>>> print(open('input-v4.csv').read())   # CSV, C-alpha atoms and all ligand atoms
chain,number,residue,atom,x,y,z
A,110,MET,CA,-15.4,132.1,-53.4
A,111,GLU,CA,-12.9,134.8,-52.6
A,112,ASN,CA,-14.3,137.9,-51.1
A,113,ALA,CA,-12.6,140.1,-53.7
A,114,GLU,CA,-14.2,138.1,-56.4
A,115,LEU,CA,-17.6,138.5,-54.8
A,116,GLU,CA,-17.1,142.2,-54.3
A,117,SER,CA,-16.3,142.7,-57.9
A,118,ILE,CA,-19.5,140.9,-58.9
A,119,LEU,CA,-21.5,143.1,-56.5
A,120,ALA,CA,-19.7,146.2,-57.9
A,121,SER,CA,-20.5,145.2,-61.4
A,122,HIS,CA,-24.1,145.4,-60.5
A,123,GLY,CA,-23.6,148.7,-58.7
A,124,HIS,CA,-24.5,147.1,-55.4
A,125,ARG,CA,-28.2,147.5,-56.4
A,126,PRO,CA,-30.7,145.4,-54.5
A,127,SER,CA,-32.8,145.4,-57.7
A,128,GLU,CA,-30.0,143.4,-59.4
A,129,LEU,CA,-30.0,140.6,-56.8
A,130,LEU,CA,-31.1,138.1,-59.3
A,131,ALA,CA,-28.3,139.0,-61.8
A,132,THR,CA,-25.8,139.0,-58.9
A,133,LEU,CA,-26.8,135.5,-57.9
A,134,GLN,CA,-26.6,134.3,-61.5
A,135,ASP,CA,-23.1,135.6,-61.7
A,136,ILE,CA,-22.1,133.8,-58.6
A,137,GLN,CA,-23.7,130.6,-59.8
A,138,GLY,CA,-22.0,131.1,-63.1
A,139,ASN,CA,-18.6,131.3,-61.4
A,140,GLU,CA,-19.0,128.7,-58.8
A,141,ASN,CA,-21.6,126.4,-60.3
A,142,TRP,CA,-23.6,126.7,-57.1
A,143,LEU,CA,-24.5,129.3,-54.4
A,144,PRO,CA,-22.3,128.8,-51.3
A,145,ARG,CA,-23.8,129.8,-48.0
A,146,GLU,CA,-21.1,132.4,-47.2
A,147,SER,CA,-21.6,134.0,-50.5
A,148,LEU,CA,-25.3,134.5,-49.9
A,149,ALA,CA,-24.6,136.0,-46.5
A,150,HIS,CA,-22.1,138.3,-48.1
A,151,VAL,CA,-24.5,139.4,-50.8
A,152,ALA,CA,-27.2,140.0,-48.2
A,153,ALA,CA,-24.9,142.3,-46.3
A,154,GLY,CA,-23.4,143.9,-49.3
A,155,LEU,CA,-26.8,144.8,-50.9
A,156,ASN,CA,-28.5,145.5,-47.6
A,157,VAL,CA,-31.2,143.0,-48.5
A,158,PRO,CA,-32.4,140.6,-45.8
A,159,LEU,CA,-30.9,137.1,-46.0
A,160,SER,CA,-34.5,135.8,-45.9
A,161,ARG,CA,-35.1,137.5,-49.3
A,162,VAL,CA,-31.9,136.3,-50.8
A,163,TYR,CA,-32.6,132.7,-49.6
A,164,GLY,CA,-36.1,133.0,-51.0
A,165,MET,CA,-34.9,134.0,-54.4
A,166,ALA,CA,-32.1,131.3,-54.4
A,167,THR,CA,-34.7,128.6,-53.6
A,168,PHE,CA,-37.3,130.0,-56.1
A,169,PHE,CA,-35.4,129.3,-59.3
A,170,SER,CA,-34.6,125.7,-59.9
A,171,SER,CA,-31.5,126.8,-61.9
A,172,PHE,CA,-29.9,127.9,-58.7
A,173,SER,CA,-28.3,125.2,-56.5
A,174,LEU,CA,-27.6,125.5,-52.8
A,175,LYS,CA,-25.6,122.4,-52.9
A,176,PRO,CA,-22.2,122.0,-54.4
A,177,ARG,CA,-22.4,120.9,-58.0
A,178,GLY,CA,-19.9,118.8,-59.9
A,179,LYS,CA,-17.3,120.1,-62.3
A,180,HIS,CA,-19.4,118.7,-65.1
A,181,VAL,CA,-23.2,119.0,-65.3
A,182,CYS,CA,-25.3,116.6,-67.3
A,183,THR,CA,-28.9,117.8,-67.8
A,184,ILE,CA,-31.2,115.3,-69.2
A,185,CYS,CA,-34.5,116.5,-70.8
A,186,MET,CA,-37.6,114.8,-69.4
A,187,GLY,CA,-40.1,116.8,-71.4
A,188,THR,CA,-42.9,115.0,-73.1
A,189,ALA,CA,-41.2,114.4,-76.4
A,190,CYS,CA,-37.9,113.3,-74.9
A,191,HIS,CA,-39.8,111.2,-72.3
A,192,VAL,CA,-41.6,109.1,-75.0
A,193,ARG,CA,-38.3,108.6,-76.7
A,194,GLY,CA,-36.7,107.1,-73.7
A,195,ALA,CA,-35.3,109.9,-71.6
A,196,GLN,CA,-36.0,107.7,-68.5
A,197,ARG,CA,-33.5,105.2,-69.8
A,198,LEU,CA,-30.8,107.9,-70.0
A,199,VAL,CA,-31.4,108.9,-66.4
A,200,GLU,CA,-31.3,105.2,-65.3
A,201,HIS,CA,-28.1,104.8,-67.1
A,202,VAL,CA,-26.4,107.6,-65.2
A,203,GLU,CA,-27.9,106.3,-62.0
A,204,ARG,CA,-26.4,102.9,-62.6
A,205,GLU,CA,-23.0,104.0,-63.9
A,206,HIS,CA,-22.4,106.9,-61.6
A,207,GLY,CA,-24.6,106.2,-58.6
A,208,ILE,CA,-26.4,109.6,-58.7
A,209,GLY,CA,-30.0,110.5,-59.2
A,210,PRO,CA,-31.5,113.7,-60.6
A,211,GLY,CA,-30.2,116.7,-58.5
A,212,GLU,CA,-27.3,114.7,-57.1
A,213,THR,CA,-23.6,115.0,-57.4
A,214,THR,CA,-20.9,112.3,-57.3
A,215,ALA,CA,-18.9,112.3,-54.1
A,216,ASP,CA,-15.7,113.4,-56.0
A,217,LEU,CA,-17.6,116.4,-57.2
A,218,ARG,CA,-17.0,115.4,-60.8
A,219,LEU,CA,-20.5,115.0,-62.2
A,220,THR,CA,-23.9,116.4,-61.4
A,221,LEU,CA,-27.1,115.0,-62.9
A,222,GLU,CA,-30.0,117.2,-63.5
A,223,THR,CA,-33.3,116.9,-65.3
A,224,VAL,CA,-35.4,119.6,-67.0
A,225,ASN,CA,-38.8,119.5,-68.6
A,226,CYS,CA,-38.3,120.4,-72.3
A,227,VAL,CA,-35.7,122.7,-73.6
A,228,GLY,CA,-37.6,123.4,-76.8
A,229,ALA,CA,-35.6,121.1,-79.0
A,230,CYS,CA,-38.1,118.3,-79.1
A,231,ALA,CA,-37.2,117.2,-82.6
A,232,MET,CA,-33.7,116.2,-81.3
A,233,GLY,CA,-35.1,114.1,-78.4
A,234,PRO,CA,-34.1,112.4,-76.3
A,235,LEU,CA,-31.4,114.8,-75.5
A,236,ALA,CA,-28.9,115.8,-72.8
A,237,ILE,CA,-27.0,119.0,-72.3
A,238,ILE,CA,-23.5,118.2,-71.1
A,239,ASP,CA,-21.6,121.3,-69.9
A,240,GLY,CA,-23.7,123.5,-72.0
A,241,GLU,CA,-23.5,121.4,-75.2
A,242,TYR,CA,-26.6,119.9,-76.7
A,243,HIS,CA,-26.5,116.2,-77.7
A,244,GLY,CA,-29.6,114.9,-79.5
A,245,GLN,CA,-30.9,111.5,-80.5
A,246,LEU,CA,-29.0,110.0,-77.6
A,247,SER,CA,-28.8,106.4,-76.9
A,248,THR,CA,-27.5,105.1,-73.5
A,249,GLN,CA,-24.3,104.0,-75.2
A,250,THR,CA,-23.6,107.4,-76.7
A,251,LEU,CA,-24.4,109.1,-73.4
A,252,GLY,CA,-22.1,106.7,-71.6
A,253,ARG,CA,-19.3,107.5,-74.1
A,254,LEU,CA,-19.8,111.2,-73.8
A,255,LEU,CA,-19.7,111.1,-70.0
A,256,LYS,CA,-16.6,108.9,-70.0
A,257,LYS,CA,-14.9,111.4,-72.3
A,258,LEU,CA,-15.3,114.2,-69.9
A,259,LYS,CA,-11.9,115.4,-68.6
A,260,GLY,CA,-11.0,115.7,-65.0
B,1236,MET,CA,-60.5,169.5,-44.4
B,1237,ALA,CA,-61.2,170.0,-48.0
B,1238,ASP,CA,-58.3,167.9,-49.1
B,1239,GLU,CA,-59.5,164.9,-47.4
B,1240,LYS,CA,-62.9,165.4,-48.7
B,1241,CYS,CA,-61.8,164.8,-52.3
B,1242,ASN,CA,-60.3,161.6,-51.3
B,1243,VAL,CA,-63.6,160.2,-50.3
B,1244,VAL,CA,-65.3,157.9,-52.8
B,1245,GLU,CA,-68.9,156.6,-52.7
B,1246,PHE,CA,-69.9,153.2,-53.7
B,1247,LYS,CA,-72.8,150.8,-53.2
B,1248,VAL,CA,-72.9,147.6,-51.3
B,1249,GLN,CA,-76.0,145.6,-52.0
B,1250,GLY,CA,-77.8,148.8,-52.7
B,1251,GLN,CA,-76.6,150.6,-49.6
B,1252,ILE,CA,-74.4,153.7,-50.1
B,1253,CYS,CA,-71.0,153.5,-48.5
B,1254,GLN,CA,-68.0,155.7,-48.3
B,1255,GLY,CA,-64.3,154.9,-48.5
B,1256,THR,CA,-61.1,156.8,-48.9
B,1257,LEU,CA,-58.9,156.5,-51.9
B,1258,GLY,CA,-56.2,153.9,-51.4
B,1259,GLU,CA,-58.2,152.0,-48.9
B,1260,SER,CA,-58.9,148.4,-49.6
B,1261,LEU,CA,-62.4,147.4,-50.3
B,1262,LEU,CA,-62.3,144.8,-47.5
B,1263,SER,CA,-61.5,147.4,-44.8
B,1264,ALA,CA,-64.2,149.7,-46.1
B,1265,LEU,CA,-66.7,146.9,-46.1
B,1266,ARG,CA,-65.8,145.9,-42.5
B,1267,ARG,CA,-65.9,149.5,-41.4
B,1268,HIS,CA,-69.5,149.6,-42.6
B,1269,GLY,CA,-70.3,146.4,-40.6
B,1270,PHE,CA,-70.4,144.0,-43.5
B,1271,GLU,CA,-69.1,140.5,-42.8
B,1272,VAL,CA,-66.5,139.1,-45.2
B,1273,PRO,CA,-64.5,136.1,-44.3
B,1274,SER,CA,-60.7,136.3,-44.6
B,1275,LEU,CA,-57.6,134.7,-43.2
B,1276,CYS,CA,-54.6,136.4,-44.8
B,1277,PHE,CA,-55.7,140.0,-44.3
B,1278,HIS,CA,-54.3,142.3,-41.5
B,1279,GLU,CA,-54.8,146.1,-41.3
B,1280,ALA,CA,-51.2,146.5,-40.2
B,1281,VAL,CA,-49.5,145.2,-43.3
B,1282,SER,CA,-50.1,145.3,-47.1
B,1283,SER,CA,-52.5,142.9,-48.6
B,1284,TYR,CA,-51.3,139.8,-50.4
B,1285,GLY,CA,-54.4,138.1,-51.6
B,1286,ALA,CA,-53.3,134.7,-50.6
B,1287,CYS,CA,-56.3,133.0,-49.0
B,1288,ARG,CA,-58.9,134.1,-51.7
B,1289,LEU,CA,-61.6,133.9,-49.1
B,1290,CYS,CA,-62.6,137.6,-49.2
B,1291,LEU,CA,-64.2,137.2,-52.6
B,1292,VAL,CA,-66.9,139.6,-53.6
B,1293,GLU,CA,-68.6,140.6,-56.8
B,1294,VAL,CA,-67.9,144.1,-58.0
B,1295,LYS,CA,-69.6,145.9,-60.8
B,1296,LYS,CA,-68.0,148.8,-62.5
B,1297,GLY,CA,-70.1,150.3,-65.3
B,1298,ARG,CA,-71.6,147.3,-67.1
B,1299,ARG,CA,-69.0,144.8,-66.2
B,1300,SER,CA,-69.1,142.7,-63.1
B,1301,LYS,CA,-66.5,140.3,-61.8
B,1302,LEU,CA,-65.4,138.3,-58.9
B,1303,THR,CA,-62.4,139.7,-57.0
B,1304,THR,CA,-60.6,139.5,-53.7
B,1305,SER,CA,-61.6,142.5,-51.7
B,1306,CYS,CA,-58.5,142.8,-49.6
B,1307,ASN,CA,-56.4,143.9,-52.4
B,1308,TYR,CA,-59.0,145.7,-54.4
B,1309,PRO,CA,-59.0,149.5,-54.0
B,1310,VAL,CA,-62.3,151.2,-53.3
B,1311,GLN,CA,-63.5,153.3,-56.3
B,1312,GLU,CA,-66.2,155.8,-57.0
B,1313,GLY,CA,-69.3,154.2,-58.3
B,1314,LEU,CA,-68.5,150.5,-57.6
B,1315,GLU,CA,-71.5,148.3,-57.0
B,1316,VAL,CA,-70.6,145.4,-54.6
B,1317,GLN,CA,-72.5,142.2,-53.9
B,1318,LEU,CA,-71.3,140.1,-51.1
B,1319,ASP,CA,-72.8,136.6,-51.0
B,1320,THR,CA,-74.1,136.0,-54.4
B,1321,ASP,CA,-74.4,132.3,-55.6
B,1322,GLU,CA,-71.3,132.8,-57.7
B,1323,VAL,CA,-69.3,134.2,-54.7
B,1324,VAL,CA,-70.4,131.4,-52.4
B,1325,ARG,CA,-69.8,128.7,-55.0
B,1326,HIS,CA,-66.2,130.0,-55.5
B,1327,ARG,CA,-65.6,130.5,-51.8
B,1328,ARG,CA,-66.6,126.9,-51.3
B,1329,ILE,CA,-64.0,125.7,-53.8
B,1330,VAL,CA,-61.4,127.9,-52.1
B,1331,LEU,CA,-62.3,126.4,-48.8
B,1332,GLN,CA,-62.0,122.9,-50.1
B,1333,LEU,CA,-58.5,123.8,-51.4
B,1334,LEU,CA,-57.6,125.3,-48.0
B,1335,LEU,CA,-58.9,122.3,-46.2
B,1336,ALA,CA,-56.5,120.2,-48.4
B,1337,ALA,CA,-53.6,122.6,-47.8
B,1338,ALA,CA,-53.9,122.7,-44.1
B,1339,PRO,CA,-56.3,120.2,-42.7
B,1340,ALA,CA,-54.8,120.5,-39.2
B,1341,ALA,CA,-55.7,124.2,-38.9
B,1342,LYS,CA,-58.8,124.6,-36.8
B,1343,ALA,CA,-59.5,128.0,-38.2
B,1344,VAL,CA,-59.7,126.5,-41.6
B,1345,ARG,CA,-61.9,123.6,-40.5
B,1346,ASP,CA,-64.3,125.9,-38.7
B,1347,LEU,CA,-64.7,128.3,-41.6
B,1348,ALA,CA,-65.2,125.3,-43.9
B,1349,ALA,CA,-67.8,123.9,-41.6
B,1350,ARG,CA,-69.7,127.2,-41.7
B,1351,TYR,CA,-70.0,126.6,-45.4
B,1352,GLY,CA,-71.0,123.0,-44.9
B,1353,ILE,CA,-67.7,121.6,-46.0
B,1354,GLU,CA,-66.3,118.7,-44.0
B,1355,GLU,CA,-64.3,117.0,-46.7
B,1356,THR,CA,-62.2,118.0,-49.5
B,1357,PRO,CA,-62.0,116.4,-53.0
B,1358,PHE,CA,-58.3,117.4,-53.2
B,1359,VAL,CA,-55.3,115.5,-51.9
B,1360,PRO,CA,-54.8,116.7,-48.3
B,1361,ARG,CA,-51.5,117.4,-46.7
B,1362,PRO,CA,-51.9,115.6,-43.5
B,1363,GLU,CA,-50.9,117.4,-40.3
B,1364,GLU,CA,-50.2,120.7,-42.1
B,1365,ASP,CA,-51.6,123.6,-40.2
B,1366,CYS,CA,-50.1,126.5,-42.3
B,1367,ILE,CA,-51.9,128.0,-45.3
B,1368,GLN,CA,-48.8,129.8,-46.5
B,1369,CYS,CA,-50.6,133.2,-46.4
B,1370,GLY,CA,-47.3,134.9,-45.5
B,1371,LEU,CA,-48.8,137.2,-42.8
B,1372,CYS,CA,-45.9,136.2,-40.5
B,1373,ILE,CA,-43.5,137.3,-43.3
B,1374,ARG,CA,-45.3,140.6,-43.9
B,1375,ILE,CA,-45.4,141.5,-40.2
B,1376,CYS,CA,-41.8,140.5,-39.7
B,1377,GLU,CA,-40.9,142.9,-42.5
B,1378,ALA,CA,-43.1,145.6,-41.0
B,1379,VAL,CA,-41.4,145.4,-37.7
B,1380,GLY,CA,-38.1,145.7,-39.6
B,1381,VAL,CA,-36.7,142.3,-38.6
B,1382,ASN,CA,-37.1,140.4,-41.9
B,1383,ALA,CA,-36.1,137.1,-40.4
B,1384,LEU,CA,-38.8,135.3,-42.4
B,1385,GLY,CA,-39.4,134.7,-46.0
B,1386,PHE,CA,-40.9,132.3,-48.5
B,1387,ALA,CA,-38.6,129.6,-49.8
B,1388,GLY,CA,-39.2,127.3,-52.6
B,1389,ARG,CA,-41.9,127.5,-55.3
B,1390,GLY,CA,-45.2,126.0,-56.2
B,1391,VAL,CA,-46.3,123.1,-54.0
B,1392,SER,CA,-43.1,123.3,-52.0
B,1393,LYS,CA,-43.3,127.1,-51.3
B,1394,HIS,CA,-43.3,127.7,-47.6
B,1395,ALA,CA,-42.7,130.4,-45.0
B,1396,THR,CA,-39.4,129.9,-43.2
B,1397,THR,CA,-36.2,131.2,-41.9
B,1398,PRO,CA,-33.1,131.1,-44.2
B,1399,TYR,CA,-31.8,127.6,-44.5
B,1400,GLU,CA,-34.6,126.4,-42.2
B,1401,GLU,CA,-32.4,127.2,-39.2
B,1402,THR,CA,-32.3,129.7,-36.3
B,1403,SER,CA,-32.2,133.1,-37.9
B,1404,ALA,CA,-29.6,135.5,-36.7
B,1405,ALA,CA,-32.1,138.4,-37.3
B,1406,CYS,CA,-35.0,137.0,-35.3
B,1407,VAL,CA,-35.4,138.6,-31.9
B,1408,GLY,CA,-38.3,136.4,-30.9
B,1409,CYS,CA,-40.8,139.2,-30.6
B,1410,GLY,CA,-43.6,136.9,-31.5
B,1411,ALA,CA,-45.4,139.3,-33.9
B,1412,CYS,CA,-45.6,136.4,-36.3
B,1413,ALA,CA,-47.6,134.3,-33.9
B,1414,ASP,CA,-49.9,137.2,-33.0
B,1415,VAL,CA,-51.1,137.6,-36.6
B,1416,CYS,CA,-51.0,134.0,-37.7
B,1417,PRO,CA,-54.6,133.2,-38.7
B,1418,THR,CA,-54.3,129.4,-38.0
B,1419,GLY,CA,-52.2,129.6,-34.9
B,1420,CYS,CA,-49.5,127.5,-36.6
B,1421,VAL,CA,-46.7,129.7,-35.2
B,1422,LYS,CA,-46.5,129.0,-31.5
B,1423,VAL,CA,-44.6,131.0,-28.9
B,1424,VAL,CA,-43.8,129.1,-25.7
B,1425,ASP,CA,-42.4,130.9,-22.7
B,1426,ALA,CA,-41.1,128.4,-20.2
B,1427,ASP,CA,-38.2,128.0,-17.8
B,1428,GLY,CA,-36.6,131.3,-18.7
B,1429,PHE,CA,-36.6,130.7,-22.4
B,1430,ARG,CA,-38.8,131.7,-25.3
B,1431,THR,CA,-39.2,129.0,-27.9
B,1432,ILE,CA,-40.7,129.3,-31.4
B,1433,GLU,CA,-40.3,125.9,-32.7
B,1434,ARG,CA,-41.4,126.7,-36.2
B,1435,TRP,CA,-38.5,129.1,-36.6
B,1436,HIS,CA,-36.0,126.9,-34.7
B,1437,LEU,CA,-35.7,129.7,-32.1
B,1438,LYS,CA,-34.8,129.4,-28.4
B,1439,VAL,CA,-33.7,132.6,-26.7
B,1440,PRO,CA,-33.4,133.5,-23.0
B,1441,LEU,CA,-36.0,135.7,-21.4
B,1442,THR,CA,-35.4,138.7,-19.3
B,1443,LEU,CA,-36.9,138.4,-15.9
B,1444,CYS,CA,-38.9,141.3,-14.6
B,1445,LYS,CA,-37.1,143.1,-11.9
B,1446,THR,CA,-40.2,143.4,-9.8
B,1447,CYS,CA,-42.2,140.2,-10.2
B,1448,GLY,CA,-39.5,137.9,-11.5
B,1449,ARG,CA,-41.6,136.7,-14.4
B,1450,GLY,CA,-39.8,136.1,-17.7
B,1451,PHE,CA,-41.5,138.5,-20.0
B,1452,ALA,CA,-39.5,139.2,-23.1
B,1453,PRO,CA,-36.5,137.9,-24.9
B,1454,GLU,CA,-33.3,139.8,-24.0
B,1455,VAL,CA,-32.4,140.3,-27.7
B,1456,HIS,CA,-35.8,141.8,-28.3
B,1457,LEU,CA,-35.5,144.3,-25.4
B,1458,THR,CA,-32.0,145.3,-26.5
B,1459,ARG,CA,-33.3,146.0,-29.9
B,1460,MET,CA,-36.3,148.0,-28.6
B,1461,ALA,CA,-34.0,150.0,-26.3
B,1462,GLY,CA,-31.7,150.7,-29.2
B,1463,GLN,CA,-34.6,151.8,-31.5
B,1464,ALA,CA,-36.2,154.0,-28.8
B,1465,LYS,CA,-32.8,155.3,-27.7
B,1466,LEU,CA,-33.5,154.2,-24.1
B,1467,GLU,CA,-31.3,152.8,-21.5
B,1468,ILE,CA,-32.0,149.1,-21.2
B,1469,ALA,CA,-32.7,149.7,-17.5
B,1470,HIS,CA,-36.0,151.3,-18.6
B,1471,LEU,CA,-37.2,148.0,-19.8
B,1472,ALA,CA,-36.2,146.0,-16.7
B,1473,ASN,CA,-39.8,145.6,-15.6
B,1474,CYS,CA,-42.6,143.7,-17.3
B,1475,PRO,CA,-45.4,145.8,-18.8
B,1476,LYS,CA,-47.7,144.9,-15.9
B,1477,CYS,CA,-45.3,146.0,-13.2
B,1478,ARG,CA,-44.3,149.1,-15.2
B,1479,GLY,CA,-47.9,150.0,-15.4
B,1480,ARG,CA,-48.4,149.6,-11.7
B,1481,ALA,CA,-45.3,151.7,-10.9
B,1482,PHE,CA,-46.5,154.4,-13.2
B,1483,ALA,CA,-50.0,154.4,-11.8
B,1484,ALA,CA,-48.6,154.6,-8.2
B,1485,GLU,CA,-47.1,158.0,-9.1
B,1486,PHE,CA,-50.6,159.3,-9.5
B,1487,ARG,CA,-52.1,157.8,-6.4
B,1488,LEU,CA,-53.3,160.4,-3.9
B,1489,PRO,CA,-51.6,160.2,-0.6
C,1501,LIG,S1,-39.2,117.4,-74.6
C,1501,LIG,FE1,-37.1,117.5,-74.6
C,1501,LIG,S2,-36.7,119.2,-75.7
C,1501,LIG,FE2,-38.9,119.2,-75.6
C,1502,LIG,S1,-58.1,138.2,-47.2
C,1502,LIG,FE1,-58.2,138.6,-49.2
C,1502,LIG,S2,-57.2,136.9,-50.1
C,1502,LIG,FE2,-57.0,136.5,-48.0
>>> encode(input="input-v4.csv", output="structure tokens")
Amino acid sequence: MENAELESILASHGHRPSELLATLQDIQGNENWLPRESLAHVAAGLNVPLSRVYGMATFFSSFSLKPRGKHVCTICMGTACHVRGAQRLVEHVEREHGIGPGETTADLRLTLETVNCVGACAMGPLAIIDGEYHGQLSTQTLGRLLKKLKG
Amino acid sequence: MADEKCNVVEFKVQGQICQGTLGESLLSALRRHGFEVPSLCFHEAVSSYGACRLCLVEVKKGRRSKLTTSCNYPVQEGLEVQLDTDEVVRHRRIVLQLLLAAAPAAKAVRDLAARYGIEETPFVPRPEEDCIQCGLCIRICEAVGVNALGFAGRGVSKHATTPYEETSAACVGCGACADVCPTGCVKVVDADGFRTIERWHLKVPLTLCKTCGRGFAPEVHLTRMAGQAKLEIAHLANCPKCRGRAFAAEFRLP
């Protein structure tokens, strides 16, 4: 991430240490993950110890310290989705793309993630692909959706 | 000292009248009066965190009584405190079983558990773990202004560590963390001219005492101290022992 870009994120939060969380969210929003240099920059810019920044970045599972793919597929593993076969969806991605939950393909194209219930149980099993919810998924449909992803 | 007087509160411990000052933790007040309360995560030098849950006591305010950790409970006027009631002991035993599972390799935990007749834990132990994640090292590191340590992760994977589990650029190897660690899981080893704190992935060169030649403190630590105290680094060229001797010599009668 460009330093100028980072600076503008820091500035948009007034360089306030109390807005560390929001700052990290913005970085993750832009980059899809939290690069190490960015965290060091944030720590210096907000005058917050790196240990605190690292603590926050590792506390929330929505933050990633590893590069994530251009596309993110999040499969719900909550109770309702689980009994409706969410595991099969995960296995499908594992088989077709060679990545398990939390992993990213080598070409940085796709990241697989799991979550425990997104509050849309009636639609289960479901996956969120690049922010879009897809319910009543079969492995075929999921496969088709993932194939359709551009780039 | 009229001002100070109004800050004094009176409370009862097992019927005995005790005094504390406003803002003081119940645990320090209890200890000051000679009462014994077990604890692992408490240290006078830093703020309380309430992590180990061992300092449980029963407090009664008005008609309500409850169990609470005393290290982060402020003393208040009119409290009635009971120390080792059946309730307290029953809960402390559960806490000890949990701690024994969390850090079975910590002798301090095993000893304390043994004192309560607990040798085994019904919970799934973490073999070889000797840290109870009480965060004292983190709090003292913050208090000395270094802030090299912090908690990372969450829930069962929460742990005290340096950023990215690597050597921290901030750490000066002062060893305060090891001094306060209740289980001794942070170990400082001075050998062959280096200080090593393996837990924090640290290895820094020691400064050798100008007089006795013993490696006594990390160079980075001395540099930092000299900077803070606005002293020439040369003032810190001798180890505390030799410095003391030199100082005492000035007062020796001819
Ligand atoms: S279990 Fe999947 S949305 Fe609730
Ligand atoms: S000393 Fe109070 S909780 Fe650890």
>>> closest_residue(input="input-v4.csv", among="B:Arg1430, B:Arg1374, B:Lys1465, B:Lys1422", to="chain A", atoms="all atoms listed in the file")
B:Arg1374
>>> residues_near_point(input="input-v4.csv", point="(-16.2, 120.9, -62.3)", cutoff="7 Å", atoms="all atoms listed in the file", output="compact mmCIF listing (two decimals) with C-alpha atoms, in the coordinates of the input")
# COMPACT_ATOMS: atom_id res chain seq x y z
CA GLY A 178 -19.90 118.80 -59.90
CA LYS A 179 -17.30 120.10 -62.30
CA HIS A 180 -19.40 118.70 -65.10
CA LEU A 217 -17.60 116.40 -57.20
CA ARG A 218 -17.00 115.40 -60.80
>>> residues_near_ligand(input="input-v4.csv", ligand="ligand LIG 1502 (chain C)", cutoff="7 Å", atoms="all atoms listed in the file", output="list in words")
Ser1274, Leu1275, Cys1276, Phe1277, Tyr1284, Gly1285, Ala1286, Cys1287, Arg1288, Leu1289, Cys1290, Thr1304, Ser1305, Cys1306 and Asn1307 of chain B
>>> write_last_selection(input="input-v4.csv", atoms="C-alpha atoms", output="compact mmCIF listing (two decimals), in the frame of the given file")
# COMPACT_ATOMS: atom_id res chain seq x y z
CA SER B 1274 -60.70 136.30 -44.60
CA LEU B 1275 -57.60 134.70 -43.20
CA CYS B 1276 -54.60 136.40 -44.80
CA PHE B 1277 -55.70 140.00 -44.30
CA TYR B 1284 -51.30 139.80 -50.40
CA GLY B 1285 -54.40 138.10 -51.60
CA ALA B 1286 -53.30 134.70 -50.60
CA CYS B 1287 -56.30 133.00 -49.00
CA ARG B 1288 -58.90 134.10 -51.70
CA LEU B 1289 -61.60 133.90 -49.10
CA CYS B 1290 -62.60 137.60 -49.20
CA THR B 1304 -60.60 139.50 -53.70
CA SER B 1305 -61.60 142.50 -51.70
CA CYS B 1306 -58.50 142.80 -49.60
CA ASN B 1307 -56.40 143.90 -52.40
>>> closest_residue(input="input-v4.csv", among="B:Pro1475, B:Gly1428, B:Gly1462, B:Gly1385", to="chain A", atoms="all atoms listed in the file")
B:Gly1385
>>> interface_residues(input="input-v4.csv", of="chain B", to="chain A", cutoff="9 Å", atoms="all atoms listed in the file", output="PyMOL selection string")
chain B and resi 1381-1390+1393+1396-1399+1403+1405
>>> write_last_selection(input="input-v4.csv", atoms="C-alpha atoms", output="PDB file, in the frame of the given file")
ATOM      1  CA  VAL B1381     -36.700 142.300 -38.600  1.00  0.00           C
ATOM      2  CA  ASN B1382     -37.100 140.400 -41.900  1.00  0.00           C
ATOM      3  CA  ALA B1383     -36.100 137.100 -40.400  1.00  0.00           C
ATOM      4  CA  LEU B1384     -38.800 135.300 -42.400  1.00  0.00           C
ATOM      5  CA  GLY B1385     -39.400 134.700 -46.000  1.00  0.00           C
ATOM      6  CA  PHE B1386     -40.900 132.300 -48.500  1.00  0.00           C
ATOM      7  CA  ALA B1387     -38.600 129.600 -49.800  1.00  0.00           C
ATOM      8  CA  GLY B1388     -39.200 127.300 -52.600  1.00  0.00           C
ATOM      9  CA  ARG B1389     -41.900 127.500 -55.300  1.00  0.00           C
ATOM     10  CA  GLY B1390     -45.200 126.000 -56.200  1.00  0.00           C
ATOM     11  CA  LYS B1393     -43.300 127.100 -51.300  1.00  0.00           C
ATOM     12  CA  THR B1396     -39.400 129.900 -43.200  1.00  0.00           C
ATOM     13  CA  THR B1397     -36.200 131.200 -41.900  1.00  0.00           C
ATOM     14  CA  PRO B1398     -33.100 131.100 -44.200  1.00  0.00           C
ATOM     15  CA  TYR B1399     -31.800 127.600 -44.500  1.00  0.00           C
ATOM     16  CA  SER B1403     -32.200 133.100 -37.900  1.00  0.00           C
ATOM     17  CA  ALA B1405     -32.100 138.400 -37.300  1.00  0.00           C
TER      18      ALA B1405
END
>>> residues_around(input="input-v4.csv", residues="segment 118-128 of chain A", least_positions_apart="6", cutoff="10 Å", atoms="all atoms listed in the file", output="ChimeraX atom specification")
/A:112,134-136,139,150-152,154-157,162
>>> write_last_selection(input="input-v4.csv", atoms="C-alpha atoms", output="JSON list (two decimals), in the coordinates of the input")
[["chain", "number", "residue", "atom", "x", "y", "z"],
["A", 112, "ASN", "CA", -14.30, 137.90, -51.10],
["A", 134, "GLN", "CA", -26.60, 134.30, -61.50],
["A", 135, "ASP", "CA", -23.10, 135.60, -61.70],
["A", 136, "ILE", "CA", -22.10, 133.80, -58.60],
["A", 139, "ASN", "CA", -18.60, 131.30, -61.40],
["A", 150, "HIS", "CA", -22.10, 138.30, -48.10],
["A", 151, "VAL", "CA", -24.50, 139.40, -50.80],
["A", 152, "ALA", "CA", -27.20, 140.00, -48.20],
["A", 154, "GLY", "CA", -23.40, 143.90, -49.30],
["A", 155, "LEU", "CA", -26.80, 144.80, -50.90],
["A", 156, "ASN", "CA", -28.50, 145.50, -47.60],
["A", 157, "VAL", "CA", -31.20, 143.00, -48.50],
["A", 162, "VAL", "CA", -31.90, 136.30, -50.80]]
